[in-house]
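Enquirer: My structure is stored as protein_37.txt, with compact mmCIF, N, CA and C atoms.
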# COMPACT_ATOMS: atom_id res chain seq x y z
N MET A 1 5.73 13.76 -37.74
CA MET A 1 6.17 12.38 -37.64
C MET A 1 6.76 12.16 -36.24
N THR A 2 6.33 11.07 -35.65
CA THR A 2 6.79 10.70 -34.32
C THR A 2 7.27 9.27 -34.36
N THR A 3 8.40 9.00 -33.71
CA THR A 3 8.90 7.63 -33.63
C THR A 3 8.70 7.11 -32.22
N LEU A 4 8.06 5.95 -32.14
CA LEU A 4 7.79 5.29 -30.87
C LEU A 4 8.43 3.92 -30.88
N ASN A 5 8.99 3.52 -29.74
CA ASN A 5 9.54 2.18 -29.60
C ASN A 5 8.50 1.34 -28.87
N VAL A 6 7.85 0.44 -29.60
CA VAL A 6 6.80 -0.40 -29.05
C VAL A 6 7.21 -1.86 -29.20
N ASN A 7 7.29 -2.55 -28.10
CA ASN A 7 7.66 -3.97 -28.08
C ASN A 7 8.99 -4.22 -28.78
N GLY A 8 9.92 -3.27 -28.60
CA GLY A 8 11.26 -3.43 -29.16
C GLY A 8 11.41 -3.05 -30.61
N LYS A 9 10.36 -2.54 -31.22
CA LYS A 9 10.40 -2.16 -32.63
C LYS A 9 10.05 -0.68 -32.75
N ASN A 10 10.77 0.03 -33.60
CA ASN A 10 10.48 1.45 -33.82
C ASN A 10 9.39 1.61 -34.87
N TYR A 11 8.43 2.46 -34.54
CA TYR A 11 7.33 2.80 -35.44
C TYR A 11 7.33 4.30 -35.64
N THR A 12 7.32 4.74 -36.89
CA THR A 12 7.18 6.15 -37.20
C THR A 12 5.74 6.39 -37.58
N VAL A 13 5.09 7.26 -36.82
CA VAL A 13 3.67 7.49 -37.02
C VAL A 13 3.41 8.97 -37.30
N THR A 14 2.36 9.21 -38.03
CA THR A 14 1.93 10.58 -38.30
C THR A 14 0.62 10.78 -37.56
N ALA A 15 0.69 11.57 -36.51
CA ALA A 15 -0.50 11.89 -35.72
C ALA A 15 -0.19 13.13 -34.90
N ASP A 16 -1.22 13.82 -34.51
CA ASP A 16 -1.07 14.99 -33.65
C ASP A 16 -0.37 14.56 -32.36
N PRO A 17 0.62 15.32 -31.88
CA PRO A 17 1.34 14.94 -30.66
C PRO A 17 0.44 14.80 -29.43
N GLY A 18 -0.74 15.39 -29.47
CA GLY A 18 -1.67 15.28 -28.36
C GLY A 18 -2.59 14.07 -28.43
N THR A 19 -2.47 13.28 -29.48
CA THR A 19 -3.29 12.08 -29.63
C THR A 19 -2.99 11.10 -28.50
N PRO A 20 -4.01 10.52 -27.89
CA PRO A 20 -3.75 9.52 -26.86
C PRO A 20 -2.93 8.35 -27.40
N LEU A 21 -1.94 7.95 -26.63
CA LEU A 21 -1.06 6.85 -27.01
C LEU A 21 -1.86 5.57 -27.28
N LEU A 22 -2.91 5.35 -26.51
CA LEU A 22 -3.76 4.18 -26.72
C LEU A 22 -4.25 4.07 -28.15
N TRP A 23 -4.71 5.18 -28.72
CA TRP A 23 -5.26 5.14 -30.08
C TRP A 23 -4.18 4.92 -31.12
N VAL A 24 -3.00 5.43 -30.88
CA VAL A 24 -1.91 5.19 -31.82
C VAL A 24 -1.51 3.72 -31.78
N ILE A 25 -1.41 3.16 -30.57
CA ILE A 25 -1.06 1.74 -30.43
C ILE A 25 -2.10 0.87 -31.14
N ARG A 26 -3.37 1.15 -30.92
CA ARG A 26 -4.44 0.32 -31.48
C ARG A 26 -4.71 0.60 -32.95
N ASP A 27 -4.93 1.87 -33.29
CA ASP A 27 -5.44 2.21 -34.62
C ASP A 27 -4.37 2.47 -35.67
N VAL A 28 -3.20 2.93 -35.24
CA VAL A 28 -2.14 3.23 -36.20
C VAL A 28 -1.17 2.05 -36.30
N ILE A 29 -0.69 1.59 -35.15
CA ILE A 29 0.27 0.48 -35.14
C ILE A 29 -0.44 -0.86 -35.33
N GLY A 30 -1.67 -0.98 -34.85
CA GLY A 30 -2.45 -2.19 -35.06
C GLY A 30 -2.34 -3.24 -33.97
N LEU A 31 -1.87 -2.85 -32.80
CA LEU A 31 -1.79 -3.78 -31.67
C LEU A 31 -3.04 -3.59 -30.82
N THR A 32 -3.99 -4.48 -30.96
CA THR A 32 -5.30 -4.28 -30.36
C THR A 32 -5.49 -4.98 -29.01
N GLY A 33 -4.44 -5.54 -28.44
CA GLY A 33 -4.55 -6.17 -27.13
C GLY A 33 -4.84 -5.18 -26.03
N THR A 34 -4.30 -3.98 -26.14
CA THR A 34 -4.55 -2.93 -25.17
C THR A 34 -5.95 -2.38 -25.44
N LYS A 35 -6.78 -2.33 -24.42
CA LYS A 35 -8.20 -1.99 -24.60
C LYS A 35 -8.53 -0.58 -24.12
N TYR A 36 -9.57 -0.02 -24.71
CA TYR A 36 -10.17 1.22 -24.23
C TYR A 36 -11.27 0.84 -23.26
N GLY A 37 -11.22 1.42 -22.07
CA GLY A 37 -12.28 1.16 -21.10
C GLY A 37 -13.03 2.42 -20.74
N CYS A 38 -12.40 3.27 -19.95
CA CYS A 38 -13.09 4.45 -19.43
C CYS A 38 -12.64 5.76 -20.07
N GLY A 39 -11.40 5.82 -20.52
CA GLY A 39 -10.87 7.04 -21.12
C GLY A 39 -10.40 8.08 -20.12
N ILE A 40 -10.45 7.76 -18.82
CA ILE A 40 -10.04 8.73 -17.80
C ILE A 40 -9.06 8.12 -16.78
N GLU A 41 -8.33 7.10 -17.18
CA GLU A 41 -7.30 6.45 -16.37
C GLU A 41 -7.81 5.83 -15.07
N VAL A 42 -9.04 5.35 -15.08
CA VAL A 42 -9.60 4.77 -13.87
C VAL A 42 -9.62 3.24 -13.92
N CYS A 43 -10.05 2.67 -15.04
CA CYS A 43 -10.32 1.23 -15.08
C CYS A 43 -9.08 0.36 -15.28
N GLY A 44 -8.10 0.84 -16.01
CA GLY A 44 -6.87 0.07 -16.22
C GLY A 44 -6.85 -0.84 -17.43
N ALA A 45 -7.91 -0.88 -18.22
CA ALA A 45 -7.93 -1.74 -19.40
C ALA A 45 -6.85 -1.36 -20.40
N CYS A 46 -6.41 -0.11 -20.35
CA CYS A 46 -5.43 0.41 -21.31
C CYS A 46 -3.98 0.33 -20.79
N THR A 47 -3.76 -0.42 -19.73
CA THR A 47 -2.43 -0.45 -19.11
C THR A 47 -1.38 -1.06 -20.03
N ILE A 48 -0.27 -0.35 -20.15
CA ILE A 48 0.92 -0.77 -20.88
C ILE A 48 2.10 -0.55 -19.94
N TRP A 49 3.29 -0.91 -20.37
CA TRP A 49 4.49 -0.57 -19.61
C TRP A 49 5.22 0.56 -20.30
N ILE A 50 5.66 1.51 -19.52
CA ILE A 50 6.56 2.55 -19.98
C ILE A 50 7.86 2.33 -19.22
N ASP A 51 8.90 1.98 -19.95
CA ASP A 51 10.19 1.65 -19.33
C ASP A 51 10.03 0.66 -18.18
N GLY A 52 9.15 -0.33 -18.37
CA GLY A 52 8.99 -1.41 -17.41
C GLY A 52 8.00 -1.16 -16.29
N SER A 53 7.39 0.02 -16.24
CA SER A 53 6.41 0.33 -15.19
C SER A 53 5.02 0.46 -15.80
N PRO A 54 4.00 -0.09 -15.13
CA PRO A 54 2.66 -0.01 -15.68
C PRO A 54 2.13 1.42 -15.68
N GLU A 55 1.56 1.81 -16.81
CA GLU A 55 0.98 3.14 -16.98
C GLU A 55 -0.31 3.00 -17.79
N ARG A 56 -1.23 3.89 -17.57
CA ARG A 56 -2.47 3.90 -18.32
C ARG A 56 -2.28 4.76 -19.56
N SER A 57 -2.63 4.22 -20.70
CA SER A 57 -2.32 4.88 -21.97
C SER A 57 -3.45 5.71 -22.56
N CYS A 58 -4.63 5.69 -21.94
CA CYS A 58 -5.77 6.38 -22.55
C CYS A 58 -5.66 7.90 -22.50
N GLU A 59 -4.97 8.45 -21.52
CA GLU A 59 -4.79 9.89 -21.46
C GLU A 59 -3.34 10.31 -21.65
N MET A 60 -2.46 9.35 -21.88
CA MET A 60 -1.06 9.64 -22.17
C MET A 60 -0.96 10.00 -23.65
N THR A 61 -0.28 11.08 -23.95
CA THR A 61 -0.16 11.49 -25.35
C THR A 61 0.99 10.78 -26.03
N ILE A 62 0.96 10.77 -27.37
CA ILE A 62 2.08 10.15 -28.07
C ILE A 62 3.37 10.92 -27.81
N ALA A 63 3.26 12.21 -27.57
CA ALA A 63 4.45 13.00 -27.24
C ALA A 63 5.12 12.45 -25.98
N GLU A 64 4.33 11.96 -25.03
CA GLU A 64 4.87 11.37 -23.81
C GLU A 64 5.48 9.98 -24.06
N GLY A 65 5.19 9.40 -25.21
CA GLY A 65 5.73 8.09 -25.54
C GLY A 65 7.05 8.13 -26.30
N VAL A 66 7.51 9.33 -26.62
CA VAL A 66 8.77 9.47 -27.36
C VAL A 66 9.95 9.28 -26.41
N GLY A 67 10.91 8.47 -26.84
CA GLY A 67 12.13 8.29 -26.08
C GLY A 67 12.03 7.30 -24.93
N VAL A 68 10.91 6.57 -24.86
CA VAL A 68 10.75 5.56 -23.82
C VAL A 68 10.48 4.21 -24.48
N LYS A 69 10.64 3.17 -23.70
CA LYS A 69 10.36 1.82 -24.18
C LYS A 69 8.92 1.46 -23.79
N ILE A 70 8.07 1.28 -24.79
CA ILE A 70 6.67 0.95 -24.58
C ILE A 70 6.48 -0.55 -24.78
N THR A 71 5.82 -1.19 -23.82
CA THR A 71 5.53 -2.61 -23.96
C THR A 71 4.03 -2.81 -23.80
N THR A 72 3.44 -3.48 -24.77
CA THR A 72 2.02 -3.83 -24.70
C THR A 72 1.90 -5.29 -24.31
N VAL A 73 0.68 -5.75 -24.13
CA VAL A 73 0.47 -7.16 -23.77
C VAL A 73 1.04 -8.08 -24.85
N GLU A 74 1.01 -7.64 -26.10
CA GLU A 74 1.58 -8.46 -27.18
C GLU A 74 3.09 -8.59 -27.02
N GLY A 75 3.73 -7.60 -26.44
CA GLY A 75 5.18 -7.62 -26.27
C GLY A 75 5.65 -8.29 -25.00
N LEU A 76 4.72 -8.61 -24.11
CA LEU A 76 5.10 -9.30 -22.87
C LEU A 76 5.74 -10.64 -23.19
N SER A 77 5.12 -11.36 -24.10
CA SER A 77 5.67 -12.61 -24.60
C SER A 77 4.92 -12.97 -25.87
N PRO A 78 5.61 -12.98 -27.00
CA PRO A 78 4.94 -13.30 -28.27
C PRO A 78 4.34 -14.70 -28.30
N THR A 79 4.82 -15.59 -27.44
CA THR A 79 4.33 -16.97 -27.42
C THR A 79 3.45 -17.26 -26.22
N SER A 80 3.05 -16.21 -25.50
CA SER A 80 2.24 -16.36 -24.28
C SER A 80 2.90 -17.25 -23.25
N SER A 81 4.22 -17.20 -23.18
CA SER A 81 4.96 -18.05 -22.26
C SER A 81 5.42 -17.33 -20.99
N HIS A 82 5.05 -16.08 -20.84
CA HIS A 82 5.40 -15.36 -19.60
C HIS A 82 4.70 -16.08 -18.45
N PRO A 83 5.34 -16.20 -17.30
CA PRO A 83 4.72 -16.90 -16.16
C PRO A 83 3.33 -16.39 -15.79
N ILE A 84 3.11 -15.10 -15.91
CA ILE A 84 1.78 -14.58 -15.55
C ILE A 84 0.75 -15.01 -16.58
N GLN A 85 1.13 -15.09 -17.85
CA GLN A 85 0.20 -15.55 -18.88
C GLN A 85 -0.15 -17.03 -18.67
N LYS A 86 0.85 -17.83 -18.34
CA LYS A 86 0.60 -19.24 -18.06
C LYS A 86 -0.31 -19.41 -16.85
N ALA A 87 -0.06 -18.62 -15.81
CA ALA A 87 -0.87 -18.69 -14.59
C ALA A 87 -2.31 -18.25 -14.86
N TRP A 88 -2.47 -17.26 -15.73
CA TRP A 88 -3.82 -16.78 -16.09
C TRP A 88 -4.63 -17.93 -16.68
N VAL A 89 -3.99 -18.73 -17.53
CA VAL A 89 -4.67 -19.87 -18.14
C VAL A 89 -4.93 -20.95 -17.09
N ALA A 90 -3.91 -21.27 -16.30
CA ALA A 90 -4.05 -22.32 -15.30
C ALA A 90 -5.14 -22.02 -14.29
N GLU A 91 -5.28 -20.78 -13.91
CA GLU A 91 -6.29 -20.38 -12.92
C GLU A 91 -7.62 -19.98 -13.57
N GLN A 92 -7.69 -20.06 -14.90
CA GLN A 92 -8.90 -19.71 -15.64
C GLN A 92 -9.44 -18.35 -15.19
N VAL A 93 -8.55 -17.36 -15.21
CA VAL A 93 -8.89 -16.04 -14.70
C VAL A 93 -10.00 -15.34 -15.47
N PRO A 94 -9.93 -15.20 -16.79
CA PRO A 94 -10.92 -14.36 -17.47
C PRO A 94 -12.33 -14.92 -17.43
N GLN A 95 -13.26 -14.02 -17.32
CA GLN A 95 -14.65 -14.37 -17.55
C GLN A 95 -15.02 -13.74 -18.89
N CYS A 96 -15.27 -12.45 -18.94
CA CYS A 96 -15.50 -11.83 -20.25
C CYS A 96 -14.17 -11.55 -20.94
N GLY A 97 -13.14 -11.26 -20.14
CA GLY A 97 -11.79 -11.07 -20.67
C GLY A 97 -11.41 -9.66 -21.06
N TYR A 98 -12.35 -8.74 -21.08
CA TYR A 98 -12.06 -7.41 -21.60
C TYR A 98 -10.94 -6.69 -20.85
N CYS A 99 -10.93 -6.79 -19.55
CA CYS A 99 -9.94 -6.07 -18.74
C CYS A 99 -8.62 -6.82 -18.62
N GLN A 100 -8.56 -8.03 -19.10
CA GLN A 100 -7.45 -8.91 -18.77
C GLN A 100 -6.08 -8.47 -19.27
N SER A 101 -5.98 -7.83 -20.43
CA SER A 101 -4.65 -7.41 -20.88
C SER A 101 -4.07 -6.38 -19.92
N GLY A 102 -4.90 -5.45 -19.46
CA GLY A 102 -4.43 -4.48 -18.47
C GLY A 102 -4.09 -5.14 -17.15
N GLN A 103 -4.92 -6.08 -16.72
CA GLN A 103 -4.66 -6.82 -15.48
C GLN A 103 -3.33 -7.57 -15.58
N ILE A 104 -3.10 -8.22 -16.71
CA ILE A 104 -1.87 -8.99 -16.92
C ILE A 104 -0.65 -8.09 -16.86
N MET A 105 -0.73 -6.92 -17.46
CA MET A 105 0.42 -6.01 -17.47
C MET A 105 0.78 -5.54 -16.06
N VAL A 106 -0.22 -5.24 -15.25
CA VAL A 106 0.06 -4.83 -13.87
C VAL A 106 0.59 -6.02 -13.07
N ALA A 107 -0.06 -7.17 -13.21
CA ALA A 107 0.35 -8.37 -12.47
C ALA A 107 1.79 -8.78 -12.82
N ALA A 108 2.13 -8.71 -14.10
CA ALA A 108 3.48 -9.08 -14.53
C ALA A 108 4.53 -8.15 -13.90
N SER A 109 4.18 -6.88 -13.77
CA SER A 109 5.14 -5.96 -13.15
C SER A 109 5.29 -6.26 -11.66
N MET A 110 4.24 -6.79 -11.04
CA MET A 110 4.29 -7.10 -9.60
C MET A 110 5.23 -8.27 -9.29
N ILE A 111 5.40 -9.18 -10.24
CA ILE A 111 6.25 -10.34 -9.98
C ILE A 111 7.62 -10.21 -10.64
N ALA A 112 7.85 -9.09 -11.31
CA ALA A 112 9.14 -8.87 -11.98
C ALA A 112 10.28 -8.95 -10.97
N GLY A 113 11.37 -9.51 -11.42
CA GLY A 113 12.54 -9.61 -10.56
C GLY A 113 12.41 -10.63 -9.44
N GLY A 114 11.44 -11.55 -9.58
CA GLY A 114 11.28 -12.60 -8.59
C GLY A 114 10.49 -12.19 -7.36
N HIS A 115 9.85 -11.02 -7.41
CA HIS A 115 9.06 -10.55 -6.26
C HIS A 115 7.86 -11.47 -6.04
N LYS A 116 7.57 -11.75 -4.78
CA LYS A 116 6.41 -12.57 -4.40
C LYS A 116 5.47 -11.72 -3.55
N PRO A 117 4.52 -11.04 -4.21
CA PRO A 117 3.65 -10.14 -3.46
C PRO A 117 2.70 -10.87 -2.52
N THR A 118 2.41 -10.22 -1.40
CA THR A 118 1.41 -10.73 -0.45
C THR A 118 0.02 -10.37 -0.96
N ASP A 119 -0.99 -10.94 -0.31
CA ASP A 119 -2.37 -10.59 -0.68
C ASP A 119 -2.59 -9.09 -0.55
N ALA A 120 -2.09 -8.50 0.53
CA ALA A 120 -2.27 -7.06 0.74
C ALA A 120 -1.57 -6.25 -0.35
N GLN A 121 -0.38 -6.67 -0.77
CA GLN A 121 0.33 -5.97 -1.84
C GLN A 121 -0.41 -6.11 -3.17
N ILE A 122 -0.98 -7.27 -3.41
CA ILE A 122 -1.75 -7.48 -4.65
C ILE A 122 -2.98 -6.57 -4.64
N THR A 123 -3.70 -6.56 -3.54
CA THR A 123 -4.89 -5.72 -3.45
C THR A 123 -4.55 -4.25 -3.64
N ALA A 124 -3.49 -3.80 -2.99
CA ALA A 124 -3.08 -2.39 -3.10
C ALA A 124 -2.49 -2.06 -4.46
N GLY A 125 -1.80 -3.00 -5.07
CA GLY A 125 -1.07 -2.73 -6.29
C GLY A 125 -1.81 -2.89 -7.59
N MET A 126 -2.86 -3.70 -7.60
CA MET A 126 -3.53 -3.95 -8.87
C MET A 126 -4.31 -2.72 -9.34
N GLY A 127 -5.35 -2.34 -8.68
CA GLY A 127 -6.07 -1.12 -9.05
C GLY A 127 -6.84 -1.15 -10.36
N ASN A 128 -6.85 -2.26 -11.06
CA ASN A 128 -7.61 -2.38 -12.30
C ASN A 128 -9.00 -2.90 -11.97
N LEU A 129 -9.98 -2.41 -12.69
CA LEU A 129 -11.35 -2.83 -12.45
C LEU A 129 -11.73 -4.03 -13.31
N CYS A 130 -12.48 -4.94 -12.71
CA CYS A 130 -13.00 -6.11 -13.42
C CYS A 130 -14.48 -6.19 -13.09
N VAL A 131 -15.33 -5.89 -14.06
CA VAL A 131 -16.77 -5.90 -13.79
C VAL A 131 -17.29 -7.31 -13.55
N CYS A 132 -16.55 -8.32 -13.98
CA CYS A 132 -16.97 -9.70 -13.76
C CYS A 132 -16.58 -10.20 -12.37
N GLY A 133 -15.69 -9.48 -11.69
CA GLY A 133 -15.31 -9.83 -10.33
C GLY A 133 -14.38 -11.02 -10.21
N THR A 134 -13.43 -11.14 -11.11
CA THR A 134 -12.51 -12.29 -11.07
C THR A 134 -11.29 -12.04 -10.17
N TYR A 135 -11.43 -11.17 -9.20
CA TYR A 135 -10.31 -10.77 -8.35
C TYR A 135 -9.66 -11.94 -7.60
N ASN A 136 -10.46 -12.89 -7.12
CA ASN A 136 -9.87 -14.03 -6.41
C ASN A 136 -9.01 -14.88 -7.35
N ARG A 137 -9.46 -15.06 -8.59
CA ARG A 137 -8.67 -15.84 -9.55
C ARG A 137 -7.43 -15.05 -9.97
N ILE A 138 -7.54 -13.72 -10.06
CA ILE A 138 -6.39 -12.89 -10.38
C ILE A 138 -5.34 -13.05 -9.28
N ARG A 139 -5.76 -12.94 -8.05
CA ARG A 139 -4.84 -13.10 -6.91
C ARG A 139 -4.16 -14.47 -6.94
N ALA A 140 -4.95 -15.51 -7.19
CA ALA A 140 -4.41 -16.88 -7.24
C ALA A 140 -3.37 -17.00 -8.38
N ALA A 141 -3.66 -16.40 -9.52
CA ALA A 141 -2.73 -16.47 -10.65
C ALA A 141 -1.44 -15.74 -10.34
N ILE A 142 -1.52 -14.61 -9.68
CA ILE A 142 -0.31 -13.87 -9.32
C ILE A 142 0.55 -14.69 -8.38
N HIS A 143 -0.09 -15.32 -7.39
CA HIS A 143 0.67 -16.17 -6.46
C HIS A 143 1.30 -17.37 -7.21
N LEU A 144 0.55 -17.97 -8.12
CA LEU A 144 1.08 -19.09 -8.89
C LEU A 144 2.27 -18.66 -9.73
N ALA A 145 2.14 -17.56 -10.43
CA ALA A 145 3.23 -17.09 -11.28
C ALA A 145 4.46 -16.68 -10.47
N ALA A 146 4.23 -16.21 -9.26
CA ALA A 146 5.35 -15.78 -8.41
C ALA A 146 6.00 -16.96 -7.70
N GLY A 147 5.42 -18.13 -7.88
CA GLY A 147 5.99 -19.32 -7.26
C GLY A 147 5.61 -19.48 -5.81
N GLY A 148 4.52 -18.89 -5.43
CA GLY A 148 4.13 -18.97 -4.03
C GLY A 148 2.70 -19.17 -3.92
Please rewrite the model in this file as structure tokens.

Expert:
Amino acid sequence: MTTLNVNGKNYTVTADPGTPLLWVIRDVIGLTGTKYGCGIEVCGACTIWIDGSPERSCEMTIAEGVGVKITTVEGLSPTSSHPIQKAWVAEQVPQCGYCQSGQIMVAASMIAGGHKPTDAQITAGMGNLCVCGTYNRIRAAIHLAAGG
């Protein structure tokens, strides 16, 4: 039995400690906003926050999730009222949408604390792949959400 704090709620789960955190979040806890993309921490579709910092959950084990605060896209704002979520809608960022929860989690961390990232900081900091190529809209949404 392992207890994980996800989106401010404790969940006690029964799974092998080596199970990827992504699968526990999706299949055991039932929060399906976090997506499986590549399984090797490259694409970023599985990005969550660990103690407020974006991390890829596909190769992180549930043992690594013990004793930390895990936030998924569902926990960013239950009403989709986070500034980055509003900006995503205003800028019509998603095309297929598959990568967007991971993109949103990284983008939200970039503007945390009132930070206003430059284009260069956004390019360097995002690192998530979007096969539809919505990078210009992602950049615009980050600037909008940051108030700049």

Enquirer: Please, which residues are within 12 Å of (-2.6, -10.3, -15.4) by the file's coordinates, counting only C-alpha atoms, and could they come as number ranges by chain?

Expert: A: 44-45, 47-48, 54, 73, 76, 80, 82-89, 91-94, 97-111, 122, 125-130, 134-135, 137-146

Enquirer: Quote the spacing between CA of Ser81 in chain A and CA of Tyr11 in chain A in Å to one decimal place.

Expert: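 Spanning CA of Ser81 in chain A to CA of Tyr11 in chain A is a straight-line distance of 24.8 Å.
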
Enquirer: Of the residues A:Ala112, A:Cys43, A:Val66, A:Cys38, which is the one nearest to Asn5 in chain A, using only N, CA and C atoms?

Expert: A:Val66

Enquirer: Give the answer as one residue: which of A:Gly147, A:Gly133, A:Gly75, A:Gly39 has the shortest atom-to-atom distance to Gly114 in chain A, using only N, CA and C atoms?

Expert: A:Gly147

Enquirer: Give the strand (DSSP E or B) residues of range 15-89 of chain A, as DSSP finds them on the backbone, and put them as a VMD selection string.

Expert: chain A and resid 20 47 to 50 53 to 56 61 69 to 71

Enquirer: Ranking A:Leu4, A:Cys132, A:Val28, A:Leu22 by minimum distance to Gly67 in chain A and counting only C-alpha atoms, which one comes first?

Expert: A:Leu4
